[in-house]
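Note: the block below is entry23.cif and it holds mmCIF, C-alpha atoms.
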```cif
data_data
loop_
_atom_site.label_atom_id
_atom_site.label_comp_id
_atom_site.auth_asym_id
_atom_site.auth_seq_id
_atom_site.Cartn_x
_atom_site.Cartn_y
_atom_site.Cartn_z
CA MET A 595 3.45 97.06 -63.94
CA ASN A 596 2.33 93.60 -62.81
CA GLY A 597 4.50 93.53 -59.70
CA GLY A 598 1.55 93.26 -57.29
CA ALA A 599 -0.05 90.40 -59.21
CA THR A 600 3.26 88.54 -59.43
CA GLU A 601 3.85 88.99 -55.69
CA LEU A 602 0.34 87.69 -54.97
CA ARG A 603 0.91 84.74 -57.23
CA GLN A 604 4.23 83.91 -55.57
CA ARG A 605 2.63 84.08 -52.12
CA ASP A 606 -0.18 81.76 -53.26
CA LEU A 607 2.38 79.37 -54.65
CA ALA A 608 4.39 79.42 -51.41
CA VAL A 609 1.31 78.68 -49.29
CA ALA A 610 0.14 75.93 -51.64
CA MET A 611 3.55 74.29 -51.78
CA THR A 612 3.78 74.40 -47.98
CA ILE A 613 0.52 72.45 -47.81
CA VAL A 614 1.83 69.97 -50.40
CA GLY A 615 5.04 69.64 -48.36
CA LEU A 616 2.98 68.98 -45.23
CA LEU A 617 1.02 66.26 -47.06
CA LEU A 618 4.28 64.59 -48.09
CA VAL A 619 5.73 64.79 -44.57
CA LEU A 620 2.49 63.35 -43.18
CA HIS A 621 2.64 60.57 -45.78
CA PHE A 622 6.07 59.39 -44.65
CA LEU A 623 5.33 59.99 -40.97
CA LEU A 624 2.08 57.98 -41.01
CA HIS A 625 3.25 55.48 -43.62
CA PRO A 626 2.97 52.21 -41.64
CA TRP A 627 -0.50 53.08 -40.35
CA LEU A 628 -1.89 54.48 -43.61
CA THR A 629 -0.69 51.46 -45.59
CA GLY A 630 -1.98 49.13 -42.88
CA LEU A 631 -5.57 50.33 -43.35
CA PRO A 632 -7.78 48.40 -45.78
CA VAL A 633 -8.59 51.70 -47.49
CA GLY A 634 -6.64 54.90 -46.94
CA PRO A 635 -5.53 58.07 -48.70
CA ASP A 636 -2.26 58.11 -50.65
CA LEU A 637 -0.91 61.46 -49.54
CA LEU A 638 2.23 61.05 -51.66
CA VAL A 639 0.42 60.76 -54.99
CA GLY A 640 -2.18 63.30 -53.82
CA GLY A 641 0.55 65.76 -52.87
CA LEU A 642 2.32 65.23 -56.19
CA LEU A 643 -0.93 65.83 -58.10
CA LEU A 644 -1.65 69.01 -56.13
CA ALA A 645 1.90 70.23 -56.72
CA ALA A 646 1.50 69.50 -60.45
CA LEU A 647 -1.40 71.98 -60.49
CA ARG A 648 0.95 74.78 -59.57
CA VAL A 649 4.30 74.13 -61.19
CA GLN A 650 5.64 73.56 -64.70
CA ALA A 651 5.37 70.04 -66.09
CA GLY A 652 9.16 69.59 -66.00
CA THR A 653 9.30 70.54 -62.31
CA ALA A 654 6.44 68.13 -61.57
CA ALA A 655 8.37 65.38 -63.36
CA VAL A 656 11.48 66.13 -61.27
CA LEU A 657 9.38 66.04 -58.09
CA GLY A 658 7.95 62.66 -59.12
CA PHE A 659 11.43 61.37 -59.90
CA VAL A 660 12.66 62.38 -56.42
CA LEU A 661 9.62 61.04 -54.56
CA GLY A 662 9.61 57.68 -56.41
CA PRO A 663 12.77 56.19 -54.87
CA LEU A 664 11.78 57.54 -51.44
CA GLU A 665 8.47 55.68 -51.64
CA ALA A 666 10.27 52.59 -52.94
CA ALA A 667 12.60 52.72 -49.94
CA MET A 668 9.60 52.69 -47.62
CA ALA A 669 7.89 49.90 -49.56
CA LEU A 670 11.17 47.97 -50.11
CA GLY A 671 10.29 47.96 -53.80
CA ASP A 672 12.06 48.67 -57.08
CA PRO A 673 13.27 52.34 -57.01
CA GLY A 674 13.34 52.54 -60.82
CA ILE A 675 9.70 51.53 -61.26
CA TYR A 676 8.48 53.94 -58.59
CA ALA A 677 10.59 56.75 -60.11
CA LEU A 678 9.25 55.99 -63.60
CA VAL A 679 5.58 55.91 -62.59
CA LEU A 680 5.75 59.05 -60.45
CA THR A 681 7.80 60.98 -63.04
CA ILE A 682 5.20 60.23 -65.71
CA THR A 683 2.38 60.97 -63.25
CA GLY A 684 3.88 64.37 -62.40
CA TYR A 685 4.47 65.31 -66.03
CA LEU A 686 1.09 64.14 -67.37
CA SER A 687 -0.81 65.71 -64.46
CA ALA A 688 0.75 69.10 -65.14
CA ARG A 689 0.11 68.77 -68.87
CA SER A 690 -3.49 67.65 -68.33
CA ARG A 691 -3.97 70.74 -66.17
CA ASP A 692 -2.79 72.90 -69.07
CA VAL A 693 -5.19 71.17 -71.44
CA LEU A 694 -8.25 70.41 -69.33
CA PHE A 695 -8.26 72.54 -66.24
CA ALA A 696 -11.34 74.40 -65.08
CA ASP A 697 -11.07 76.44 -61.88
CA ALA A 698 -13.71 74.50 -59.91
CA PRO A 699 -13.35 72.47 -56.68
CA VAL A 700 -15.20 69.53 -58.24
CA PHE A 701 -12.62 69.37 -60.99
CA VAL A 702 -9.81 69.10 -58.43
CA VAL A 703 -11.53 66.16 -56.71
CA VAL A 704 -12.13 64.34 -60.02
CA TYR A 705 -8.57 65.12 -61.12
CA LEU A 706 -7.18 63.74 -57.84
CA PHE A 707 -9.34 60.61 -58.10
CA ILE A 708 -8.38 59.76 -61.68
CA GLY A 709 -4.71 60.67 -61.20
CA THR A 710 -4.35 58.57 -58.04
CA TRP A 711 -6.25 55.64 -59.54
CA LEU A 712 -4.07 55.56 -62.66
CA ALA A 713 -0.78 56.01 -60.78
CA ARG A 714 -1.59 53.34 -58.19
CA THR A 715 -2.81 50.89 -60.84
CA ALA A 716 0.43 51.42 -62.78
CA LEU A 717 2.48 50.80 -59.62
CA VAL A 718 0.61 47.57 -58.89
CA ALA A 719 0.89 46.39 -62.50
CA LEU A 720 4.58 47.26 -63.01
CA GLY A 721 5.70 46.51 -59.47
CA GLY A 722 4.93 42.81 -59.94
CA GLY A 723 4.21 42.62 -56.23
CA ALA A 724 2.43 39.86 -54.45
CA GLY A 725 -1.00 39.14 -55.87
CA GLY A 726 -0.57 41.15 -59.07
CA VAL A 727 -3.51 42.98 -60.62
CA THR A 728 -6.86 41.44 -59.74
CA ALA A 729 -10.40 42.78 -59.83
CA GLY A 730 -10.43 43.01 -56.04
CA MET A 731 -7.14 44.90 -56.08
CA LEU A 732 -8.46 47.39 -58.65
CA ALA A 733 -11.55 47.97 -56.52
CA LEU A 734 -9.38 48.65 -53.46
CA VAL A 735 -7.19 51.00 -55.50
CA ALA A 736 -10.34 52.86 -56.61
CA LEU A 737 -11.45 53.22 -52.98
CA ASP A 738 -7.98 54.46 -52.01
CA ALA A 739 -8.15 56.95 -54.88
CA LEU A 740 -11.52 58.13 -53.58
CA ALA A 741 -10.09 58.60 -50.07
CA THR A 742 -7.13 60.47 -51.57
CA ALA A 743 -9.44 62.71 -53.58
CA VAL A 744 -11.49 63.56 -50.49
CA VAL A 745 -8.55 64.22 -48.13
CA CYS A 746 -6.33 66.07 -50.61
CA GLY A 747 -9.32 67.90 -52.12
CA LEU A 748 -10.16 69.12 -48.63
CA ALA A 749 -6.56 70.23 -48.06
CA ASP A 750 -6.66 72.09 -51.39
CA ALA A 751 -9.99 73.77 -50.56
CA LEU A 752 -8.64 74.88 -47.16
CA THR A 753 -5.54 76.27 -48.82
CA SER A 754 -7.63 78.16 -51.35
CA SER A 755 -9.88 79.67 -48.70
CA PHE A 756 -6.85 80.64 -46.57
CA VAL A 757 -5.18 82.34 -49.53
CA ARG A 758 -8.38 84.20 -50.48
CA ARG A 759 -8.77 85.50 -46.91
CA ALA A 760 -5.15 86.58 -46.52
CA MET B 206 -5.83 80.67 -56.02
CA HIS B 207 -3.89 80.37 -59.27
CA TYR B 208 -3.65 76.87 -60.59
CA THR B 209 -2.91 77.46 -64.22
CA THR B 210 0.54 78.26 -65.46
CA VAL B 211 0.13 77.33 -69.09
CA GLY B 212 3.58 76.90 -70.55
CA GLN B 213 4.91 78.48 -73.70
CA PRO B 214 5.69 76.09 -76.58
CA ARG B 215 9.42 76.41 -75.83
CA THR B 216 8.84 75.65 -72.14
CA ARG B 217 6.62 72.72 -73.06
CA ARG B 218 9.37 71.24 -75.22
CA ARG B 219 11.86 71.66 -72.37
CA ASP B 220 9.42 70.02 -69.92
CA LEU B 221 8.92 67.11 -72.29
CA VAL B 222 12.68 66.64 -72.64
CA VAL B 223 13.13 66.73 -68.84
CA ALA B 224 10.33 64.19 -68.29
CA ALA B 225 11.61 61.91 -71.07
CA ALA B 226 15.20 62.06 -69.76
CA LEU B 227 14.12 61.28 -66.19
CA SER B 228 11.88 58.43 -67.39
CA ALA B 229 14.84 57.00 -69.32
CA VAL B 230 17.02 57.21 -66.20
CA ALA B 231 14.28 55.47 -64.20
CA VAL B 232 14.02 52.67 -66.78
CA VAL B 233 17.81 52.22 -66.74
CA LEU B 234 17.71 52.22 -62.93
CA SER B 235 15.02 49.55 -62.92
CA ALA B 236 16.59 47.35 -65.58
CA GLY B 237 20.22 47.87 -64.62
CA LEU B 238 20.07 47.37 -60.87
CA ASP B 239 20.16 43.83 -59.55
CA ALA B 240 18.79 42.98 -56.10
CA GLY B 241 22.09 44.05 -54.49
CA GLY B 242 22.06 47.43 -56.24
CA GLU B 243 18.44 48.03 -55.28
CA MET B 244 19.32 47.23 -51.71
CA VAL B 245 22.12 49.81 -51.70
CA VAL B 246 19.70 52.51 -52.97
CA VAL B 247 16.97 51.54 -50.51
CA GLN B 248 19.31 51.34 -47.54
CA THR B 249 20.99 54.62 -48.39
CA LEU B 250 17.64 56.41 -48.56
CA ARG B 251 16.37 54.75 -45.38
CA SER B 252 19.49 55.79 -43.48
CA THR B 253 19.55 59.38 -44.77
CA ALA B 254 16.47 61.19 -46.10
CA LEU B 255 13.96 58.79 -44.50
CA ARG B 256 15.87 58.26 -41.24
CA PRO B 257 13.80 60.77 -39.17
CA PHE B 258 10.54 59.11 -40.28
CA ILE B 259 11.76 55.56 -39.72
CA ALA B 260 13.17 56.48 -36.30
CA THR B 261 9.77 57.98 -35.40
CA HIS B 262 8.00 54.78 -36.50
CA GLU B 263 10.36 52.67 -34.42
CA VAL B 264 9.94 54.81 -31.30
CA PHE B 265 6.15 54.86 -31.67
CA GLU B 266 5.88 51.12 -32.27
CA ALA B 267 8.25 50.37 -29.40
CA ARG B 268 6.14 52.37 -26.94
CA VAL B 269 2.58 51.88 -28.10
CA GLY B 270 2.71 48.22 -28.99
CA LEU B 271 4.87 47.16 -26.06
CA THR B 272 2.20 45.39 -24.00
CA ALA B 273 0.75 43.53 -26.97
CA ARG B 274 4.22 42.62 -28.14
CA VAL B 275 5.24 41.23 -24.74
CA GLU B 276 2.07 39.12 -24.62
CA ARG B 277 2.72 37.76 -28.11
CA LEU B 278 6.33 36.98 -27.32
CA GLU B 279 5.38 35.28 -24.04
CA ALA B 280 2.88 33.05 -25.84
CA ARG B 281 5.47 32.24 -28.47
CA ALA B 282 8.13 31.49 -25.84
CA ASP B 283 5.73 29.10 -24.08
CA SER B 284 4.92 27.22 -27.28
CA LEU B 285 8.63 27.06 -28.17
CA ALA B 286 9.51 25.72 -24.73
CA VAL B 287 6.96 22.92 -25.18
CA ARG B 288 8.42 22.11 -28.57
CA VAL B 289 12.00 22.11 -27.30
CA LEU B 290 11.09 19.76 -24.46
CA ALA B 291 9.35 17.43 -26.91
CA THR B 292 12.29 17.32 -29.31
CA ALA B 293 15.08 16.94 -26.74
CA ASP B 294 14.24 13.25 -26.34
CA LEU B 295 14.16 12.73 -30.10
CA GLU B 296 17.54 14.39 -30.57
CA ASP B 297 19.09 12.15 -27.96
CA GLU B 298 17.54 9.08 -29.55
CA ASN B 299 18.77 10.18 -32.98
CA ARG B 300 22.31 10.61 -31.67
CA GLN B 301 22.28 7.14 -30.11
CA LEU B 302 20.92 5.48 -33.24
CA ARG B 303 23.51 7.22 -35.42
CA ALA B 304 26.25 6.11 -33.09
CA LEU B 305 24.98 2.52 -33.25
CA LEU B 306 24.94 2.66 -37.06
CA GLU B 307 28.34 4.37 -37.06
CA LEU B 308 26.95 7.34 -39.01
CA PRO B 309 28.60 10.78 -38.71
CA GLY B 310 26.88 13.49 -36.68
CA ARG B 311 23.98 15.20 -38.45
CA GLU B 312 24.84 18.74 -39.58
CA VAL B 313 21.62 20.73 -39.37
CA GLY B 314 23.01 24.18 -40.01
CA GLU B 315 22.54 27.09 -37.67
CA PHE B 316 19.37 28.87 -36.62
CA PHE B 317 19.53 32.40 -35.26
CA VAL B 318 16.97 34.98 -34.19
CA ALA B 319 16.62 38.11 -36.31
CA GLU B 320 14.32 41.11 -36.52
CA LEU B 321 12.05 41.40 -39.54
CA VAL B 322 10.97 44.82 -40.80
CA PRO B 323 8.15 44.47 -43.34
CA GLY B 324 7.95 46.77 -46.35
CA HIS B 325 4.93 49.07 -46.36
CA THR B 326 3.40 49.88 -49.69
CA ALA B 327 0.24 51.72 -50.58
CA ALA B 328 0.20 50.05 -54.00
CA GLY B 329 -0.84 46.42 -53.67
CA GLU B 330 0.66 43.90 -51.31
CA THR B 331 4.32 44.09 -50.45
CA SER B 332 6.49 41.03 -50.96
CA GLY B 333 9.70 42.47 -49.53
CA PHE B 334 11.16 42.77 -46.04
CA GLN B 335 14.38 43.72 -44.29
CA LEU B 336 16.11 41.37 -41.89
CA ARG B 337 18.41 42.61 -39.12
CA THR B 338 20.48 40.49 -36.82
CA SER B 339 20.55 41.32 -33.15
CA THR B 340 23.99 39.77 -32.71
CA GLY B 341 25.72 42.37 -34.85
CA LEU B 342 27.36 39.65 -36.89
CA PRO B 343 27.09 39.91 -40.66
CA PHE B 344 25.41 37.08 -42.51
CA GLU B 345 25.72 35.52 -45.92
CA PRO B 346 22.65 35.02 -48.10
CA PRO B 347 20.70 33.04 -49.08
CA LEU B 348 19.00 32.45 -45.75
CA ALA B 349 15.70 30.75 -45.07
CA VAL B 350 13.40 32.81 -42.84
CA ALA B 351 10.71 31.20 -40.70
CA THR B 352 8.45 31.78 -37.74
CA PRO B 353 7.80 29.08 -35.15
CA ASP B 354 4.77 28.11 -37.29
CA GLY B 355 6.59 27.62 -40.57
CA LEU B 356 8.36 29.02 -43.61
CA LEU B 357 7.99 32.75 -44.27
CA GLY B 358 10.49 33.63 -47.01
CA VAL B 359 14.11 33.94 -48.01
CA VAL B 360 16.84 36.58 -47.76
CA ARG B 361 18.62 36.94 -51.08
CA THR B 362 20.92 39.93 -50.58
CA ALA B 363 22.74 41.27 -47.54
CA ARG B 364 24.96 44.15 -46.64
CA GLY B 365 26.64 44.03 -43.25
CA ARG B 366 24.04 42.94 -40.73
CA VAL B 367 21.02 43.97 -42.83
CA GLY B 368 19.50 41.78 -45.50
CA MET B 369 16.73 42.22 -48.03
CA GLY B 370 14.33 39.34 -48.39
CA GLU B 371 11.19 38.22 -50.10
CA TYR B 372 8.11 36.63 -48.58
CA TRP B 373 6.83 33.43 -50.15
CA THR B 374 4.26 35.64 -51.91
CA HIS B 375 6.97 36.98 -54.24
CA PRO B 376 6.35 35.79 -57.83
CA ASP B 377 9.87 34.29 -58.07
CA PHE B 378 9.64 32.31 -54.85
CA ARG B 379 10.01 28.51 -55.14
CA VAL B 380 10.61 25.85 -52.51
CA ALA B 381 10.96 22.07 -52.78
CA VAL B 382 8.52 20.31 -50.48
CA THR B 383 7.44 16.85 -49.52
CA SER B 384 4.33 15.58 -47.81
CA SER B 385 4.87 14.90 -44.12
CA ASP B 386 4.58 11.14 -44.76
CA GLY B 387 7.12 11.43 -47.59
CA ALA B 388 4.73 9.92 -50.17
CA ALA B 389 4.68 12.90 -52.54
CA SER B 390 7.05 15.69 -53.40
CA GLY B 391 6.98 18.77 -55.63
CA ILE B 392 7.69 22.46 -55.90
CA VAL B 393 5.58 25.11 -54.18
CA ARG B 394 5.14 28.57 -55.65
CA PRO B 395 2.81 31.51 -54.84
CA PHE B 396 -0.60 31.50 -56.48
CA VAL B 397 -3.52 33.93 -56.55
CA ASP B 398 -6.93 32.31 -57.01
CA ALA B 399 -9.89 33.76 -58.90
CA ASN B 400 -11.11 35.59 -55.75
CA GLY B 401 -7.76 37.32 -55.34
CA ASP B 402 -6.80 35.21 -52.30
CA GLN B 403 -3.10 34.59 -51.93
CA LEU B 404 -2.46 30.85 -51.77
CA MET B 405 0.30 28.46 -52.84
CA LEU B 406 0.41 26.01 -55.72
CA LEU B 407 2.12 22.65 -55.38
CA GLN B 408 3.41 21.58 -58.79
CA GLY B 409 5.29 18.63 -60.19
CA VAL B 410 3.65 15.95 -58.06
CA PRO B 411 4.05 12.59 -59.84
CA PHE B 412 0.79 11.44 -61.40
CA GLN B 413 0.65 8.22 -59.38
CA ALA B 414 1.21 9.94 -56.01
CA GLU B 415 -1.85 10.18 -53.78
CA VAL B 416 -2.25 13.54 -52.04
CA SER B 417 -5.43 14.07 -50.04
CA ALA B 418 -6.86 17.36 -48.77
CA GLY B 419 -5.34 18.32 -45.44
CA THR B 420 -1.95 16.75 -46.16
CA GLU B 421 0.77 18.71 -44.44
CA LEU B 422 3.67 19.87 -46.64
CA VAL B 423 7.15 20.48 -45.26
CA THR B 424 10.38 21.59 -46.87
CA SER B 425 12.35 18.70 -48.33
CA GLY B 426 15.77 20.30 -47.88
CA VAL B 427 16.60 19.79 -51.57
CA GLY B 428 18.73 22.65 -52.84
CA GLY B 429 20.24 23.46 -49.48
CA ILE B 430 18.61 26.88 -48.97
CA TYR B 431 15.81 25.67 -46.70
CA PRO B 432 16.27 23.20 -43.86
CA ARG B 433 14.37 19.95 -44.04
CA GLY B 434 11.07 19.70 -42.19
CA LEU B 435 9.87 23.33 -42.02
CA PRO B 436 6.06 23.43 -42.31
CA VAL B 437 4.96 25.19 -45.52
CA GLY B 438 1.22 24.58 -45.88
CA ARG B 439 -1.71 22.19 -46.08
CA VAL B 440 -3.20 20.82 -49.29
CA LEU B 441 -6.66 22.24 -50.01
CA ALA B 442 -7.69 20.54 -53.26
CA GLU B 443 -6.38 19.39 -56.60
CA HIS B 444 -5.87 22.15 -59.16
CA GLU B 445 -6.84 21.77 -62.80
CA GLN B 446 -3.32 22.58 -64.03
CA GLN B 447 -1.44 19.48 -65.22
CA LEU B 448 2.07 19.56 -66.61
CA GLY B 449 2.99 16.32 -68.39
CA TRP B 450 2.68 13.34 -66.04
CA THR B 451 2.34 15.50 -62.98
CA HIS B 452 -0.52 17.20 -61.24
CA SER B 453 -0.93 20.30 -59.08
CA PHE B 454 -2.63 21.14 -55.80
CA LEU B 455 -3.81 24.32 -54.12
CA VAL B 456 -2.13 24.83 -50.76
CA GLU B 457 -3.15 26.90 -47.74
CA PRO B 458 0.04 28.48 -46.32
CA VAL B 459 0.78 28.04 -42.63
CA VAL B 460 2.30 31.52 -42.32
CA ARG B 461 1.10 34.68 -44.00
CA PRO B 462 3.17 37.87 -44.31
CA GLY B 463 2.17 40.33 -41.65
CA GLN B 464 3.71 42.16 -38.77
CA GLN B 465 6.17 39.47 -37.65
CA GLU B 466 8.89 41.16 -35.61
CA LEU B 467 11.14 38.37 -34.48
CA VAL B 468 11.82 35.50 -36.83
CA VAL B 469 14.27 32.67 -37.13
CA ALA B 470 16.80 32.59 -39.94
CA TRP B 471 18.62 29.45 -41.00
CA ARG B 472 22.11 29.23 -42.36
CA PRO B 473 23.14 25.88 -43.85
CA ALA B 474 26.10 24.07 -42.34
CA ALA B 475 29.38 24.80 -44.08
CA PRO B 476 30.43 21.88 -46.25
CA ALA B 477 32.93 19.71 -44.45
CA VAL B 478 36.45 20.33 -45.66
CA GLY B 479 38.54 17.22 -45.31
CA PRO B 480 41.94 16.25 -46.58
CA ALA B 481 42.10 15.98 -50.33
CA GLU B 482 41.59 12.45 -51.51
CA VAL B 483 44.69 11.00 -53.05
CA VAL B 484 43.95 8.81 -56.01
CA THR B 485 46.68 6.39 -56.78
CA PRO B 486 46.85 4.79 -60.16
#
```
Will you turn the file into C-alpha cells for me?
Amino acid sequence: MNGGATELRQRDLAVAMTIVGLLLVLHFLLHPWLTGLPVGPDLLVGGLLLAALRVQAGTAAVLGFVLGPLEAAMALGDPGIYALVLTITGYLSARSRDVLFADAPVFVVVYLFIGTWLARTALVALGGGAGGVTAGMLALVALDALATAVVCGLADALTSSFVRRA
Amino acid sequence: MHYTTVGQPRTRRRDLVVAAALSAVAVVLSAGLDAGGEMVVVQTLRSTALRPFIATHEVFEARVGLTARVERLEARADSLAVRVLATADLEDENRQLRALLELPGREVGEFFVAELVPGHTAAGETSGFQLRTSTGLPFEPPLAVATPDGLLGVVRTARGRVGMGEYWTHPDFRVAVTSSDGAASGIVRPFVDANGDQLMLLQGVPFQAEVSAGTELVTSGVGGIYPRGLPVGRVLAEHEQQLGWTHSFLVEPVVRPGQQELVVAWRPAAPAVGPAEVVTP
C-alpha cells in the first residue's frame, strides 16, 4: 500500500547519506588545511549531525563511535575520548531531532551550530589538549561552529532541492 | 526530504542501550589504554582506514611545498654550518683540557635527524606528534626532540621506527632548566596566561636567586632525558605564584609547535658497563 512512499523515502535517504559520506571524505582529505585555518568548518561533526537527522539514534551513536577513533588518529589524540564525545553527540542529536525538529532550513542551521559548538567544546574540555578551555578558545569554537553550520547547511539545502527535483 | 524518523518506545530503548554500551566501551578505552596502547590504535588506523588520506596529504605537501621547504632547509643548513664551525674549536679545547686534567671523555649521547608529523585537530590545539626516523633503525624512548633553535618536546612511546611524542605544550610536560649563567635553576612547565597565550612557567627557583627579564634558560641535563644546554626560553617577568621559599617566572618559549618537518632527536649515552667492582673485606 505504501510501497511508493517507502521507495521514495529510501531514495531520499540514499542521496542524503551519499552527501554525508562526501562531507566525511572531504573532512579527512582536507584535514591538514581545514585544521590549519584560524576558523574553518568541521565537516566531521557536521556530517555526523546531518546523518543523525536521517537515521535512528542507535545508528547515529554507532556512526559517532566509528568516526571518533578515526578523528583521534588524525589528531594524534585519545581515541576513547573522541569516541565517547562523538557517540553521545550522535545519539543526542538524533534524539533532539525526535523531540524538537521542525522541517525548516533555519532549524537545520541552528541545529548544526549548537551541535557543533557543544561537541567541539566537549572535545577541547575532555581532550586536555594544549591551552585547555579559555574564553578565546570558546570564541574560536563558536566561529568554527558557525562556519560548519553555513557549509553543512548549504550541503543539506542542496541535497533537499536535488531530491525534490528528482 | 524526510528528516524525521521518530522511533517507537521499544526502538528508543534499544537505541539508548546501544549508545550507553558504546559510551561505556569508549570510557574503558580512554581509561584503560596507556600511551603505548593509544599509539597502537592510532597507528593501526593511520595505516589502514586513513592510509589513502594520509598518503594524499603527503603527496600534496611534497609537491606543493617543495620550493618553500627547500628554502627553509637551505637557511637552516647555513645556520647549522655556522654553528658547527663555531663549536669545533670549543670541542677541541674541551678535549685537550680534559686530557690535561686526566678526565674521561665526555659522553654526550647521540643526536639523529628525524621527521616530525604534527597531529591535526579541529578541537583546540594539538599537543601530540609522530616522529619517524629516516635511518630505518628503531629507537627507544624517551627521546628529547629539538629544532636547531631549541627544545620542542619529548617522545614517550615508540613502535619500530615510529614514535609518539608530546610538544612542550602538553599539560604533563616538565623539564629541568638552569639559567645560562648557572645562577638559578628550576622546573619549566606549560602555562596559559589570562589572554589564552601559550607560555611556559619556571617554578621552584630558590627565593634568593636573582633572575632578570631576558635571562636565557637552557636544559640542565638533570634526569637524563634532555641533553644539557638546549635552549628552552627567555624569562619575561616574575609570576605571582610562590611555592614555599621559591618563586616563579613567566617564560617565552624559543620554539613553538608548528609545521616542523625535520627535527633532531637525542638519545642519552648508554651507561658505561665496566667490570664489577670486587669488594674485599
*asked:* Please compute the CA of Pro395 in chain B-CA of Gly434 in chain B distance, one decimal, in Å.
replied: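 Distance between the two atoms: 19.2 Å.
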Residues near range 701-703 of chain A, cut-off 9 Å, only C-alpha atoms, skip fewer than 3 positions along chain, as a short mmCIF file (atom, residue, chain, number, x, y, z; two decimals) with C-alpha atoms, in the coordinates of the input:
```cif
data_model
loop_
_atom_site.label_atom_id
_atom_site.label_comp_id
_atom_site.auth_asym_id
_atom_site.auth_seq_id
_atom_site.Cartn_x
_atom_site.Cartn_y
_atom_site.Cartn_z
CA LEU A 644 -1.65 69.01 -56.13
CA PHE A 695 -8.26 72.54 -66.24
CA ALA A 696 -11.34 74.40 -65.08
CA ASP A 697 -11.07 76.44 -61.88
CA ALA A 698 -13.71 74.50 -59.91
CA LEU A 706 -7.18 63.74 -57.84
CA PHE A 707 -9.34 60.61 -58.10
CA ILE A 708 -8.38 59.76 -61.68
CA LEU A 740 -11.52 58.13 -53.58
CA THR A 742 -7.13 60.47 -51.57
CA ALA A 743 -9.44 62.71 -53.58
CA VAL A 744 -11.49 63.56 -50.49
CA CYS A 746 -6.33 66.07 -50.61
CA GLY A 747 -9.32 67.90 -52.12
CA LEU A 748 -10.16 69.12 -48.63
CA ASP A 750 -6.66 72.09 -51.39
#
```
_Taking all atoms listed in the file into account, name the residue in B:Asp402, B:Ala442, B:Arg303, B:Thr420 that is nearest to Asp386 in chain B._
B:Thr420
*For Leu628 in chain A, which residue among B:His325, B:Arg461, B:Arg439, B:Arg337 is the nearest when counting only C-alpha atoms?*
B:His325
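Picked out by the PyMOL selection byres ((chain B and resi 469) around 9) when it runs on this file: Phe316, Phe317, Val318, Ala319, Glu320, Ala349, Val350, Ala351, Thr352, Pro353, Leu467, Val468, Ala470 and Trp471 of chain B.
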*Work out how far apart CA of Leu657 in chain A and CA of Ala236 in chain B are and give it in Å to one decimal.*
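Those two atoms sit 21.4 Å apart.
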*Counting all atoms listed in the file, which of B:Val289, B:Ala282, B:Val322, B:Ala267 gets nearest to chain A?*
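Of B:Val289, B:Ala282, B:Val322, B:Ala267, the one nearest chain A is B:Val322, counting all atoms listed in the file.
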*Could you expand the PyMOL selection byres ((chain A) within 8 of (chain B)) into the explicit residues it covers here, written as an MDAnalysis selection string?*
chainID A and resid 603 606:607 622:623 625:626 628:630 636 647:653 655:656 659 663:675 677:678 681:682 685 691:692 695 697 714:715 717:718 722:726 728:731 735 754 757:758
*Option closest in space to Leu616 in chain A, from A:Gly640, A:Pro699, A:Gly634, A:Gly658 [counting all atoms listed in the file]*: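 So, comparing all the options, the nearest one is A:Gly640.
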_Between CA of Gly684 in chain A and CA of Ala654 in chain A - distance in Å to one decimal_ = 4.6 Å
_Contacts of Glu315 in chain B within 7 Å, all atoms listed in the file, excl. fewer than 5 positions in-chain, as an MDAnalysis selection string_ = chainID B and resid 471:474
*asked:* Just want the 7 Å neighbourhood of His621 in chain A, counted on all atoms listed in the file, with same-chain residues fewer than 4 positions away dropped. Output as a PyMOL selection string.
replied: chain A and resi 617+625+637-638
*Just the residues within 10 Å of Thr451 in chain B, please, counting all atoms listed in the file, with nothing from its chain fewer than 3 positions along; format it as a ChimeraX atom specification.*
/B:391,408-414,446-448
Take the selection from the previous step and output its residues with C-alpha atoms, as a JSON list (two decimals), in the frame of the given file.
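Full text of result_13.json as output:
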```json
[["chain", "number", "residue", "atom", "x", "y", "z"],
["B", 391, "GLY", "CA", 6.98, 18.77, -55.63],
["B", 408, "GLN", "CA", 3.41, 21.58, -58.79],
["B", 409, "GLY", "CA", 5.29, 18.63, -60.19],
["B", 410, "VAL", "CA", 3.65, 15.95, -58.06],
["B", 411, "PRO", "CA", 4.05, 12.59, -59.84],
["B", 412, "PHE", "CA", 0.79, 11.44, -61.40],
["B", 413, "GLN", "CA", 0.65, 8.22, -59.38],
["B", 414, "ALA", "CA", 1.21, 9.94, -56.01],
["B", 446, "GLN", "CA", -3.32, 22.58, -64.03],
["B", 447, "GLN", "CA", -1.44, 19.48, -65.22],
["B", 448, "LEU", "CA", 2.07, 19.56, -66.61]]
```
_Need to verify the contact set: Ala739 in chain A, 7 Å, only C-alpha atoms, exclusion of same-chain residues closer than 6 positions in sequence. Can you return it as a PyMOL selection string?_
chain A and resi 635+707+710-711
*Which residue, B:Ala418, B:Val456, B:Val245, B:Ile430, has the smallest gap to Pro346 in chain B when you use only C-alpha atoms?*
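Among the listed residues, the smallest separation from Pro346 in chain B belongs to B:Ile430.
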Starting from the displayed file, determine the output of the PyMOL selection byres ((chain B and resi 431) around 8) and express the residue list as a PDB file with C-alpha atoms, keeping the file's coordinate frame.
```pdb
ATOM      1  CA  LEU B 348      19.000  32.450 -45.750  1.00  0.00           C
ATOM      2  CA  ALA B 349      15.700  30.750 -45.070  1.00  0.00           C
ATOM      3  CA  VAL B 380      10.610  25.850 -52.510  1.00  0.00           C
ATOM      4  CA  THR B 424      10.380  21.590 -46.870  1.00  0.00           C
ATOM      5  CA  SER B 425      12.350  18.700 -48.330  1.00  0.00           C
ATOM      6  CA  GLY B 426      15.770  20.300 -47.880  1.00  0.00           C
ATOM      7  CA  VAL B 427      16.600  19.790 -51.570  1.00  0.00           C
ATOM      8  CA  GLY B 428      18.730  22.650 -52.840  1.00  0.00           C
ATOM      9  CA  GLY B 429      20.240  23.460 -49.480  1.00  0.00           C
ATOM     10  CA  ILE B 430      18.610  26.880 -48.970  1.00  0.00           C
ATOM     11  CA  PRO B 432      16.270  23.200 -43.860  1.00  0.00           C
ATOM     12  CA  ARG B 433      14.370  19.950 -44.040  1.00  0.00           C
ATOM     13  CA  LEU B 435       9.870  23.330 -42.020  1.00  0.00           C
ATOM     14  CA  TRP B 471      18.620  29.450 -41.000  1.00  0.00           C
ATOM     15  CA  PRO B 473      23.140  25.880 -43.850  1.00  0.00           C
TER      16      PRO B 473
END
```
